[in-house]
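S.K.: Have a look at this one before I ask anything.
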Amino acid sequence: MEKIKGLIDAPFTPMLANGDINLEPIPAYAAMLAENGLKGVFINGSSGEGYMLTAEERMALAEKWIAAAPAGFKVIVHVGSCCLRESAKLAAHAAGIGAWGIGAMAPPFPKIGRIEELVKYCEAIASAAPGLPFYYYHIPAFNGAFLPMLDLLKAVDGRISNFAGIKYTFESLYEYNQCRLYGNGRFDMLHGQDETILPSLAQGGAQGGIGGTTNYNGRELVGIIEAWERGDLETAREKQNFSQAVINVICNYRGNIVGGKRIMKLIGLDLGPNRVPFRNMIDDEERSMKAELEAIGFFARCNRF
């Protein structure tokens with residue numbers, strides 16, 4: 001099974017002022033990401049407010065992204081849901097419209113507390129699209145599924161034929177690397193934290209990753225990998241430190257889903273508001289965030305249209 005090389009973006013869902021999804025910006029959005037070095041998108045996930053969208057909205061977004069994708073640009077569709085039957089429906093739809101792959105995080109309700117429960121959940125979704133690679137999206141801060149991922153890999157090995165790997169969005173670089181080493185690197189371990197790409201490279205991993213700040217800081221994050229590959233450790237360190245400085249700013253404005261989405265407006269692609277119950281930024285906050293970003297030189301280095 002093909003392993004992903006390079007960084008995949010987790011895009012925001014464009015929305016109109018009334019909260020309806022807005023498909024119109026997606027072709028320009030896809031072109032911008034590809035131009036800035038991203039290798040694809042993982043849509044309808046946490047950055048895309050996927051759990052707050054209807055199944056019909058999620059399918060419409062998947063269709064638009066696949067239609068807009070440049071040649072060679074991977075579209076992975078997050079299909080996780082609190083309703084397993086809905087997840088299977090979304091997975092089959094993704095396969096039918098030509099998605100490159102699918103993924104799912106554990107549902108926030110009911111909370112999954114055992115590996116076998118998680119395996120059965122993944123198994124039911126993956127079997128609905130057996131021809132596509134399936135990625136488990138490990139983000140326990142969102143759903144409380146603080147389960148050992150090495151045990152998950154051991155449990156799915158030989159049981160879920162299209163289980164490709166894990167989008168690993170958690171702080172344990174030790175566990176991440178142990179999963180990467182399992183079975184002589186059998187599974188694709190996609191690094192999911194933009195703030196620690198470099199230390200994962202140093203362990204020998206992070207050949208591929210999925211990020212949220214890549215929406216507006218992708219050039220710098222791609223640059224970390226490029227600098228590492230040419231042996232330029234000082235540049236890689238500088239770019240990693242800069243990416244952390246950007247993250248420090250968005251943490252002051254309710255994180256990537258809220259603050260990051262507003263940054264898109266500041267760099268020229270207005271993707272609209274977040275859905276309730278997210279608390280949208282007000283104009284004074286936008287001005288304050290812009291000033292903080294200017295202070296670290298962000299606008300000279302951010303993604304370009």
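Note on naming: chains are A, B, ... as they come in the structure tokens, residues start from 1 per chain, ligands start from 1 in the order shown.
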Could you name the residues that touch Leu271 in chain A at 7 Å or less, counting only C-alpha atoms, but leaving out those on the same chain fewer than 2 positions away, as a compact mmCIF listing (two decimals) with N, CA and C atoms, in the first residue's frame?

M.R.:
```txt
# COMPACT_ATOMS: atom_id res chain seq x y z
N PRO A 14 -15.30 26.18 3.96
CA PRO A 14 -15.79 27.52 3.65
C PRO A 14 -17.28 27.64 3.97
N MET A 15 -17.64 28.75 4.59
CA MET A 15 -19.04 28.95 4.97
C MET A 15 -19.49 30.37 4.65
N LYS A 261 -8.74 29.85 10.99
CA LYS A 261 -9.68 30.12 9.90
C LYS A 261 -9.75 31.61 9.59
N MET A 264 -6.97 32.92 7.35
CA MET A 264 -7.19 32.76 5.91
C MET A 264 -7.74 34.04 5.29
N LYS A 265 -8.60 34.71 6.01
CA LYS A 265 -9.11 36.00 5.54
C LYS A 265 -7.98 37.01 5.43
N LEU A 269 -8.06 34.83 1.49
CA LEU A 269 -9.09 33.85 1.16
C LEU A 269 -10.08 33.78 2.32
N PRO A 273 -17.37 32.30 8.62
CA PRO A 273 -17.36 32.07 10.07
C PRO A 273 -17.26 30.59 10.42
```

S.K.: Mind listing the alpha helix (DSSP H) residues of range 43-96 of chain A, per DSSP on the backbone, as a PyMOL selection string?

M.R.: chain A and resi 55-68+84-96

S.K.: What are the nearest atom pairs, with distances in Å to one decimal, for all residues of range 255-275 of chain A that come at most 9 Å from range 208-230 of chain A, using only C-alpha atoms, set out by chain and rising residue number as a Markdown table?

M.R.:
```
| residue | atom | partner | partner_atom | distance |
| --- | --- | --- | --- | --- |
| A:Asn256 | CA | A:Thr213 | CA | 6.8 |
| A:Ile257 | CA | A:Gly212 | CA | 8.3 |
| A:Gly260 | CA | A:Thr213 | CA | 7.0 |
| A:Lys261 | CA | A:Asn215 | CA | 8.6 |
| A:Ile263 | CA | A:Tyr216 | CA | 7.2 |
| A:Met264 | CA | A:Tyr216 | CA | 6.5 |
| A:Ile267 | CA | A:Tyr216 | CA | 7.6 |
```

S.K.: When DSSP is applied to the backbone of this structure, which of range 74-281 of chain A are assigned strand (DSSP E or B)? Write them out as a PyMOL selection string.

M.R.: chain A and resi 74-78+101-105+134-138+163-168+188-191+208-211

S.K.: Give me, please, the distance in Å between CA of Arg237 in chain A and CA of Tyr29 in chain A, quoted to one decimal.

M.R.: 28.3 Å

S.K.: What's the separation between CA of Ile160 in chain A and CA of Ile197 in chain A, in Å to one decimal place?

M.R.: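 Computing it gives 28.3 Å between the two atoms.
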
S.K.: Using only C-alpha atoms, pick whichever of A:Gly72, A:Pro25, A:Gly185, A:Gly158 has the shortest atom-to-atom distance to Val119 in chain A.

M.R.: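 Nearest candidate to Val119 in chain A out of A:Gly72, A:Pro25, A:Gly185, A:Gly158: A:Gly158.
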
S.K.: Would you list the contacts of Leu293 in chain A as a ChimeraX atom specification, taking every protein, DNA or RNA residue within 8 Å and counting only C-alpha atoms, but skipping same-chain residues closer than 5 positions in sequence?

M.R.: /A:246,249,298-299

S.K.: Would you give me, as CSV, each residue of range 77-160 of chain A having an atom within 9 Å of an atom of range 30-49 of chain A, along with its shortest atom pair and that distance in Å to one decimal, using only C-alpha atoms and sorting by chain and residue number?

M.R.:
```
residue,atom,partner,partner_atom,distance
A:Val77,CA,A:Ile43,CA,5.2
A:His78,CA,A:Asn44,CA,5.4
A:Val79,CA,A:Asn44,CA,7.5
A:Gly80,CA,A:Gly45,CA,8.3
A:Gly101,CA,A:Phe42,CA,8.9
A:Ile102,CA,A:Phe42,CA,8.4
A:Gly103,CA,A:Phe42,CA,8.2
A:Ala104,CA,A:Gly45,CA,8.2
A:Met105,CA,A:Gly45,CA,8.4
A:Phe142,CA,A:Ser46,CA,8.6
```
